[in-house]
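These notes concern the structure reproduced below.
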Amino acid sequence: MNYTISQIATILRLPMPAFPQNEINTLLTDSRSLTVAEGTLFFALRSSNNDGHRYLQNLYDRGVRNFVIEYVPASMQAISDANFLVVDNATIALQTIARFHRMQFTAIPVIGITGSQGKTTVKEWLYQLLNADYRINRSPRSYNSQIGVPLSVWEMNEDTQLAIFEAGISRQQEMAVLQSIIRPNLGIITNVGDEHHEGFPSRKAKCEEKATLLRECDCIIYNGDDQLIVDVIENTSTTVKEIAWSTHDSDRPLYISSIDRHADHTTITYNYLQFEGSFSIPFTADSHIENALHCLAVMLYLGIHASVIAERMERLTPVGTRLNVMEGVNNCSLIHDAYTCDLHSLSPALDFMNRRANAAQSRVVILSDMTHESLNPSVLYRQVAQMLEQQHIDQVIGIGPEISQYSRYFDGSALFYDSTNEFLAQMSPSDFDNSLILIKGASHFEFSRIIETLEARQHETVLEVNLDSLVHNFNSFKARLKPETGVVCMLKASGYGAGSYQLAKTLQTHGAAYIAVAVLDEGVELRKAGITMPIMVLNPKVVNYKAMFAYRLEPEIYSFDILEQIIRQGEKYGITQYPVHIKLDTGMHRLGFLENDLPLLCERLKNQNVIKPETVFSHLATADCLDMDDYTIGQLETFDRCCDRLQHDFTHHIKRHILNSAGITRFPDHQCDMVRLGIGLYGIPVLPSPLQDGLRPVSSLHSVIISIKEWDSDATIGYSRKGRLSRRSRIATIPIGYADGLNRHLGNGKAYMFAGGKRCPIVGNICMDACMIDVTDTQCKVGDRVEIFGDNIPVTELSDALGTIPYEVLTSISTRVKRIYYRE
């Protein structure tokens, strides 16, 4: 269902636009996601760290002619062949349009899902279970925010027979807006945990806010064994019907009489309205069982026969919500999307791919047969081919008999194979070079085998880097600042051990003002990989000045020697007005100009034209020492005096920055023009609770159990027989040692790993490539995952055991350990 721009203006109660007949079929909120300019309406959203109005000119140049804006930038005021709908708030305008659009489909049943965990899985399982009966529209991936929900609802059309939307919130007063857009007939609240708890005074308050989505539903589905949810529903609901399932209370509408777990499946028996039924699911985890019970309740409410429920439940497949990014062979990068393989999920995956692309790499998509949804195969694969062409994919590889059958719709360079076995038999890693490869396939095609073939490292030990947590931490600190304050993100030591490129790409996307690296080579590599944002080099002892200038890497200057070297080299290469960063020593007593150096420094800077002081900065020595605030205040006062003295001799504004992660939290009045975000960006608090509560760890280190043996008491484990057992024990061997960055001083019970749901002590000396842990009190088996640090073993616990700081633990992780970057 398309609208003309004049209809959009009417919905927003705005004057008639200049070109009223322009048709709108796509709502766009991110300029990087543009595929086809014609029919696109761009919303210039503003947030604490970005402003969509910055991208209007770029979009206009690419052909977009319809915009919802809050003001007309000076550069756009002379444009006469575009529609500009000027509103007070572009986000509210987007929500208003989606709300109007939803009301055009009042006869269509709409399912709204909220909760702390399981929303996406329940949504996708409902699609798997019901797509044979309905033509379904559903939220792409986890589009459940104040922006994601309107974009999801916009996808409803005349063919829609059932819609399923997620609704997620992070603070109070948000759900009422989403409820007014989704207006669900059937509501599900999956659970209410501690996730995103920082925006609410209590778990009860969060539950009440989530329940706002359900207030006008005809039916509500929830766990009748969760007393908090029960109490909130009873106090707020005026619903006609409730289906509260329970494993304890046989008086509930849906009573789960038995749950029988087996090795690879679970059988569930239930009673609903005096009818007994049963089904099996190919999962055994508690979370999967809970999600399946929510789906069961929906199917019963919709009148699906018990035999059909049983047959479809048995075929449920996992929902992988993560997009993993990892290093591939031959300078390739791999993106593995284990989400559902359908047209609906392909566009977000391609969008993610394009955001990580750089000009030096070709773009390759490996795709399996796809779920048909409501389309016949011919229409489906024609649309897939068009989408891949619009996204400028260089090479398409289709795997499966069906996509091969419709190969005629794809570019002539596309390759097709009937099976994964055939692909692996005919292609090898040497066929891929310097490419960004999206690998997306249905679960039964076992594309994990392709990943194993194309991965550069096969080490069982993995450092997982959560890019969502990186963004969360960035925004958490950004929220403490004035909107105009820039953030310099520290990516020294290869992003504190996490790897700098993927982090830089993410931070560039989310509006960081600068990234800072330690040495020139780190900056050069980021430039070669396609990072375009300003890069500050904090150790400017440069040998290759030509590379520094060529790659636009901005050095810090902390001494007259460095100053003179850069001026001489700049004159040699004809450089003028090159941005540099003046470092002051206000009390760290490490590097930097002293206050009494400033007259000579200013005089030298004024009498040359090679470099220009872009910023002036200093380091706080004691911002995280609550008992040394007098010293910190002294540094801040010295910094202000020095900055004023430097600024006095220049007409352009020299930006100032002195606050680090601790300083941002404790001394926000001194945020100046920019701040530098280091260890806090990686989710490591440097201040006592509650000053930096709510940060999320970015890096987590995992391995697997490769062997388990039982030993009698008094047996010894490892080198020098240091690990002596006091009881009969099960000892697991883990393939991580000091060559991987696991410090030897953590052995012999000094630290723990997390396996089988429990903390397991390290036994004996840590070896070069392996260590041993005691798993006697667990049900662990070979192949089980082990956490070295992460959610259950904070990295600070390891640093405390070593008598050091988290920085050292993070940066010690060996380069031979595989890095996997992911976003949900």
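Each chain in the structure tokens gets a letter, A, B and so on, in the order shown; residues start at 1 in every chain, and ligands are counted from 1 in the order they appear.
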
DSSP strand (DSSP E) residues within stretch 600-637 of chain A, listed as a list in words: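 Selecting the strand (DSSP E) positions of stretch 600-637 of chain A gives Ile611, Lys612, Pro613, Glu614, Thr615, Val616, Phe617 and Ser618 of chain A.
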
Contact residues around stretch 348-351 of chain A with only C-alpha atoms at 9 Å, ignoring same-chain residues under 5 positions, as a list in words: Arg32, Ser33, Leu34, Pro140, Arg141, Leu323, Ile335, Asp337, Arg356, Val365, Met387, Leu388, Gln391, Leu438 and Lys440 of chain A

Write the residues you've just listed into a file as a compact mmCIF listing (two decimals), in the first residue's frame, and include N, CA and C atoms for each of them.
```
# COMPACT_ATOMS: atom_id res chain seq x y z
N ARG A 32 22.75 5.13 5.07
CA ARG A 32 23.57 4.02 4.55
C ARG A 32 22.74 2.86 4.06
N SER A 33 21.45 2.85 4.40
CA SER A 33 20.58 1.75 4.01
C SER A 33 19.82 2.03 2.71
N LEU A 34 20.12 3.13 2.05
CA LEU A 34 19.41 3.46 0.81
C LEU A 34 19.71 2.43 -0.27
N PRO A 140 11.36 -7.22 11.15
CA PRO A 140 12.66 -7.72 10.70
C PRO A 140 13.60 -7.87 11.89
N ARG A 141 14.24 -9.02 12.00
CA ARG A 141 15.19 -9.27 13.09
C ARG A 141 14.60 -8.78 14.41
N LEU A 323 24.70 -11.81 14.19
CA LEU A 323 25.49 -11.68 12.97
C LEU A 323 26.95 -11.69 13.40
N ILE A 335 30.97 -12.82 7.23
CA ILE A 335 29.79 -12.49 8.03
C ILE A 335 28.88 -13.71 7.99
N ASP A 337 25.39 -15.17 9.04
CA ASP A 337 24.03 -14.86 9.50
C ASP A 337 23.27 -16.16 9.66
N ARG A 356 29.94 -2.74 6.74
CA ARG A 356 31.26 -3.23 7.08
C ARG A 356 32.17 -3.34 5.87
N VAL A 365 28.11 -13.00 -1.75
CA VAL A 365 27.00 -13.55 -0.96
C VAL A 365 26.85 -15.03 -1.29
N MET A 387 17.33 -7.60 -5.38
CA MET A 387 17.89 -7.03 -4.15
C MET A 387 19.41 -7.11 -4.15
N LEU A 388 19.96 -8.23 -4.58
CA LEU A 388 21.41 -8.39 -4.62
C LEU A 388 22.04 -7.44 -5.65
N GLN A 391 22.13 -3.92 -4.26
CA GLN A 391 23.15 -3.76 -3.23
C GLN A 391 24.56 -3.91 -3.79
N LEU A 438 29.24 -12.65 2.82
CA LEU A 438 28.05 -12.92 3.64
C LEU A 438 27.62 -14.35 3.39
N LYS A 440 24.79 -17.01 4.38
CA LYS A 440 23.44 -17.04 4.95
C LYS A 440 22.70 -18.25 4.38
```

Determine, counting only C-alpha atoms, which protein, DNA and RNA residues have an atom within 6 Å of an atom of stretch 217-225 of chain A; residues of the same chain fewer than 5 positions away are not included. Present the result as a PDB file with C-alpha atoms, in the first residue's frame.
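Generated file (result-v3.pdb):
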```
ATOM      1  CA  PRO A 184      -2.185  -5.804  19.164  1.00  0.00           C
ATOM      2  CA  ASN A 185      -5.255  -8.004  19.388  1.00  0.00           C
ATOM      3  CA  LEU A 186      -3.232 -10.820  20.947  1.00  0.00           C
ATOM      4  CA  GLY A 187      -0.471  -9.986  23.413  1.00  0.00           C
ATOM      5  CA  ILE A 188       2.409 -12.087  24.750  1.00  0.00           C
ATOM      6  CA  ILE A 189       4.707 -11.197  27.620  1.00  0.00           C
ATOM      7  CA  THR A 239      -8.781  -8.112  28.687  1.00  0.00           C
ATOM      8  CA  VAL A 240     -11.562 -10.391  27.509  1.00  0.00           C
ATOM      9  CA  LYS A 241      -9.447 -13.523  27.753  1.00  0.00           C
ATOM     10  CA  GLU A 242      -6.225 -14.681  29.348  1.00  0.00           C
ATOM     11  CA  ILE A 243      -4.242 -17.820  28.626  1.00  0.00           C
ATOM     12  CA  ALA A 244      -1.881 -18.228  31.539  1.00  0.00           C
ATOM     13  CA  TRP A 245       0.044 -21.467  31.138  1.00  0.00           C
ATOM     14  CA  SER A 246       1.367 -23.216  34.211  1.00  0.00           C
TER      15      SER A 246
END
```

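Nearest-residue note for A:Met536: choosing from A:Pro483, A:Gly574, A:Pro579, A:Gly398, the minimum distance belongs to A:Pro579, counting only C-alpha atoms.
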
Based on the backbone DSSP call, show me all residues of stretch 180-318 of chain A assigned alpha helix (DSSP H), as a PyMOL selection string. chain A and resi 180-182+203-211+227-236+286-301+306-313

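Counting only C-alpha atoms, the residue from A:Ser707, A:Asn157, A:Ser726, A:Asn358 that sits nearest to A:His101 is A:Asn157.
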
To one decimal in Å, tell me the separation between atom CA of A:Ala357 and atom CA of A:Thr35. 15.2 Å

Counting only C-alpha atoms, what is within 9 Å of stretch 287-296 of chain A, bar same-chain residues fewer than 5 positions away, as a PyMOL selection string? chain A and resi 117-119+121-123+125-126+129+188-190+221-223+245+256+259+266+268+281+301+309+313

Selected residues written out with C-alpha atoms, as a JSON list (two decimals), in the first residue's frame:
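To be explicit, this is the file written out as out.json:
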```
[["chain", "number", "residue", "atom", "x", "y", "z"],
["A", 117, "GLN", "CA", 14.17, -12.42, 26.54],
["A", 118, "GLY", "CA", 12.73, -14.67, 23.87],
["A", 119, "LYS", "CA", 10.79, -12.05, 21.87],
["A", 121, "THR", "CA", 12.58, -16.47, 19.01],
["A", 122, "VAL", "CA", 8.83, -16.54, 19.79],
["A", 123, "LYS", "CA", 8.15, -14.27, 16.80],
["A", 125, "TRP", "CA", 8.80, -19.69, 15.76],
["A", 126, "LEU", "CA", 5.27, -18.38, 15.35],
["A", 129, "LEU", "CA", 4.36, -22.59, 12.86],
["A", 188, "ILE", "CA", 2.41, -12.09, 24.75],
["A", 189, "ILE", "CA", 4.71, -11.20, 27.62],
["A", 190, "THR", "CA", 7.55, -13.70, 27.57],
["A", 221, "ILE", "CA", -0.65, -15.02, 26.95],
["A", 222, "TYR", "CA", 1.84, -15.28, 29.81],
["A", 223, "ASN", "CA", 3.56, -17.59, 32.29],
["A", 245, "TRP", "CA", 0.04, -21.47, 31.14],
["A", 256, "ILE", "CA", 1.44, -28.32, 31.37],
["A", 259, "ILE", "CA", 7.87, -31.99, 30.52],
["A", 266, "THR", "CA", 11.67, -32.61, 24.85],
["A", 268, "ILE", "CA", 5.46, -31.82, 26.52],
["A", 281, "ILE", "CA", 10.39, -30.02, 20.21],
["A", 301, "TYR", "CA", -6.10, -19.62, 20.73],
["A", 309, "ILE", "CA", 0.54, -28.41, 16.40],
["A", 313, "MET", "CA", 6.44, -28.22, 16.67]]
```

If you count only C-alpha atoms, which residues fall within 6 Å of stretch 557-571 of chain A, apart from same-chain ones fewer than 6 positions away, as a PyMOL selection string? chain A and resi 581-583+592-593+610

For stretch 305-308 of chain A: contacts at 12 Å, only C-alpha atoms, fewer than 6 positions along chain excluded, given as an MDAnalysis selection string: chainID A and resid 129:130 132:133 269:272 275:280 296:299 314:315

How would the residues just picked look written out with N, CA and C atoms as a PDB file, in the first residue's frame?
```pdb
ATOM      1  N   LEU A 129       5.524 -21.762  12.527  1.00  0.00           N
ATOM      2  CA  LEU A 129       4.363 -22.591  12.856  1.00  0.00           C
ATOM      3  C   LEU A 129       3.101 -22.180  12.109  1.00  0.00           C
ATOM      4  N   LEU A 130       3.018 -20.913  11.689  1.00  0.00           N
ATOM      5  CA  LEU A 130       1.744 -20.408  11.163  1.00  0.00           C
ATOM      6  C   LEU A 130       1.800 -19.969   9.706  1.00  0.00           C
ATOM      7  N   ALA A 132       2.001 -21.483   7.028  1.00  0.00           N
ATOM      8  CA  ALA A 132       1.203 -22.295   6.099  1.00  0.00           C
ATOM      9  C   ALA A 132      -0.261 -21.875   6.110  1.00  0.00           C
ATOM     10  N   ASP A 133      -0.684 -21.172   7.173  1.00  0.00           N
ATOM     11  CA  ASP A 133      -2.090 -20.792   7.318  1.00  0.00           C
ATOM     12  C   ASP A 133      -2.353 -19.325   7.012  1.00  0.00           C
ATOM     13  N   THR A 269       3.393 -32.547  27.521  1.00  0.00           N
ATOM     14  CA  THR A 269       1.984 -32.932  27.572  1.00  0.00           C
ATOM     15  C   THR A 269       1.203 -31.801  28.234  1.00  0.00           C
ATOM     16  N   TYR A 270       0.026 -31.491  27.682  1.00  0.00           N
ATOM     17  CA  TYR A 270      -0.728 -30.336  28.186  1.00  0.00           C
ATOM     18  C   TYR A 270      -2.221 -30.634  28.214  1.00  0.00           C
ATOM     19  N   ASN A 271      -2.935 -29.828  29.016  1.00  0.00           N
ATOM     20  CA  ASN A 271      -4.395 -29.853  29.051  1.00  0.00           C
ATOM     21  C   ASN A 271      -4.904 -28.451  28.762  1.00  0.00           C
ATOM     22  N   TYR A 272      -5.790 -28.345  27.773  1.00  0.00           N
ATOM     23  CA  TYR A 272      -6.359 -27.046  27.415  1.00  0.00           C
ATOM     24  C   TYR A 272      -7.859 -27.210  27.243  1.00  0.00           C
ATOM     25  N   PHE A 275      -9.058 -30.676  27.166  1.00  0.00           N
ATOM     26  CA  PHE A 275      -8.522 -31.527  26.111  1.00  0.00           C
ATOM     27  C   PHE A 275      -7.054 -31.781  26.414  1.00  0.00           C
ATOM     28  N   GLU A 276      -6.597 -33.031  26.240  1.00  0.00           N
ATOM     29  CA  GLU A 276      -5.200 -33.357  26.487  1.00  0.00           C
ATOM     30  C   GLU A 276      -4.482 -33.553  25.152  1.00  0.00           C
ATOM     31  N   GLY A 277      -3.314 -32.952  25.061  1.00  0.00           N
ATOM     32  CA  GLY A 277      -2.503 -33.109  23.864  1.00  0.00           C
ATOM     33  C   GLY A 277      -1.038 -33.205  24.237  1.00  0.00           C
ATOM     34  N   SER A 278      -0.200 -33.510  23.260  1.00  0.00           N
ATOM     35  CA  SER A 278       1.238 -33.569  23.504  1.00  0.00           C
ATOM     36  C   SER A 278       1.980 -33.275  22.208  1.00  0.00           C
ATOM     37  N   PHE A 279       3.239 -32.881  22.358  1.00  0.00           N
ATOM     38  CA  PHE A 279       4.093 -32.611  21.209  1.00  0.00           C
ATOM     39  C   PHE A 279       5.541 -32.675  21.674  1.00  0.00           C
ATOM     40  N   SER A 280       6.429 -32.735  20.707  1.00  0.00           N
ATOM     41  CA  SER A 280       7.864 -32.738  21.002  1.00  0.00           C
ATOM     42  C   SER A 280       8.534 -31.594  20.252  1.00  0.00           C
ATOM     43  N   LEU A 296       2.632 -22.457  21.753  1.00  0.00           N
ATOM     44  CA  LEU A 296       1.523 -23.401  21.912  1.00  0.00           C
ATOM     45  C   LEU A 296       0.234 -22.662  22.247  1.00  0.00           C
ATOM     46  N   ALA A 297       0.319 -21.732  23.189  1.00  0.00           N
ATOM     47  CA  ALA A 297      -0.877 -20.991  23.601  1.00  0.00           C
ATOM     48  C   ALA A 297      -1.466 -20.200  22.443  1.00  0.00           C
ATOM     49  N   VAL A 298      -0.603 -19.593  21.618  1.00  0.00           N
ATOM     50  CA  VAL A 298      -1.094 -18.836  20.467  1.00  0.00           C
ATOM     51  C   VAL A 298      -1.818 -19.758  19.491  1.00  0.00           C
ATOM     52  N   MET A 299      -1.230 -20.901  19.211  1.00  0.00           N
ATOM     53  CA  MET A 299      -1.841 -21.813  18.247  1.00  0.00           C
ATOM     54  C   MET A 299      -3.175 -22.348  18.756  1.00  0.00           C
ATOM     55  N   GLU A 314       7.514 -30.267  15.975  1.00  0.00           N
ATOM     56  CA  GLU A 314       8.627 -31.186  15.809  1.00  0.00           C
ATOM     57  C   GLU A 314       9.646 -30.677  14.786  1.00  0.00           C
ATOM     58  N   ARG A 315       9.199 -29.763  13.901  1.00  0.00           N
ATOM     59  CA  ARG A 315      10.064 -29.262  12.841  1.00  0.00           C
ATOM     60  C   ARG A 315      10.668 -27.892  13.148  1.00  0.00           C
TER      61      ARG A 315
END
```

Residue contacts of A:Tyr381 (8 Å, only C-alpha atoms) excluding same-chain residues fewer than 4 positions away, as a ChimeraX atom specification: /A:377,385,403,406,409

Those same residues, written as an mmCIF file, in the first residue's frame with N, CA and C atoms?
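Result file follows (result-v3.cif):
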```cif
data_model
loop_
_atom_site.group_PDB
_atom_site.id
_atom_site.type_symbol
_atom_site.label_atom_id
_atom_site.label_comp_id
_atom_site.auth_asym_id
_atom_site.auth_seq_id
_atom_site.Cartn_x
_atom_site.Cartn_y
_atom_site.Cartn_z
ATOM 1 N N PRO A 377 8.007 -19.563 -5.717
ATOM 2 C CA PRO A 377 9.470 -19.534 -5.874
ATOM 3 C C PRO A 377 9.952 -18.616 -6.978
ATOM 4 N N ALA A 385 17.222 -11.742 -6.524
ATOM 5 C CA ALA A 385 18.214 -11.316 -7.514
ATOM 6 C C ALA A 385 18.226 -9.798 -7.658
ATOM 7 N N ILE A 403 17.169 -22.715 -5.611
ATOM 8 C CA ILE A 403 17.784 -21.476 -6.083
ATOM 9 C C ILE A 403 18.536 -21.737 -7.393
ATOM 10 N N TYR A 406 16.274 -21.479 -10.418
ATOM 11 C CA TYR A 406 15.917 -20.124 -10.848
ATOM 12 C C TYR A 406 17.163 -19.266 -11.079
ATOM 13 N N TYR A 409 17.504 -15.735 -13.135
ATOM 14 C CA TYR A 409 17.204 -14.392 -12.668
ATOM 15 C C TYR A 409 18.461 -13.646 -12.192
#
```

Atom CA of A:Arg759 and atom CA of A:Glu464, how far apart in Å? 19.7 Å

From the options A:Ser75, A:Thr815, A:Ser47, A:Thr114, which residue's atoms come nearest to A:Ser494, counting only C-alpha atoms? A:Thr815

Would you work out the distance separating atom CA of A:Tyr127 from atom CA of A:Ile24, expressed in Å to one decimal?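 Between these atoms lies a distance of 27.7 Å.
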
Using 12 Å as the limit and counting only C-alpha atoms, can you tabulate each residue of stretch 20-41 of chain A that touches stretch 76-85 of chain A, with its shortest atom-to-atom distance in Å and the two atoms involved, as CSV?
```
residue,atom,partner,partner_atom,distance
A:Pro20,CA,A:Asn83,CA,8.4
A:Gln21,CA,A:Asn83,CA,10.6
A:Asn22,CA,A:Asn83,CA,8.9
A:Glu23,CA,A:Asn83,CA,11.5
A:Ile24,CA,A:Asn83,CA,11.6
A:Glu38,CA,A:Ala82,CA,11.8
A:Gly39,CA,A:Asn83,CA,11.9
A:Thr40,CA,A:Asn83,CA,11.3
A:Leu41,CA,A:Asn83,CA,9.4
```

Write to file, as a short mmCIF file (atom, residue, chain, number, x, y, z; two decimals), in the first residue's frame, the residues of the selection just made, with C-alpha atoms.
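File again25.cif, as written:
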```cif
data_model
loop_
_atom_site.label_atom_id
_atom_site.label_comp_id
_atom_site.auth_asym_id
_atom_site.auth_seq_id
_atom_site.Cartn_x
_atom_site.Cartn_y
_atom_site.Cartn_z
CA PRO A 20 2.29 16.22 -4.32
CA GLN A 21 2.12 13.21 -6.66
CA ASN A 22 5.46 11.68 -5.63
CA GLU A 23 4.77 8.12 -4.50
CA ILE A 24 6.24 6.81 -1.26
CA GLU A 38 12.73 6.64 -6.11
CA GLY A 39 9.84 6.25 -3.70
CA THR A 40 12.01 6.79 -0.60
CA LEU A 41 11.01 9.18 2.19
#
```
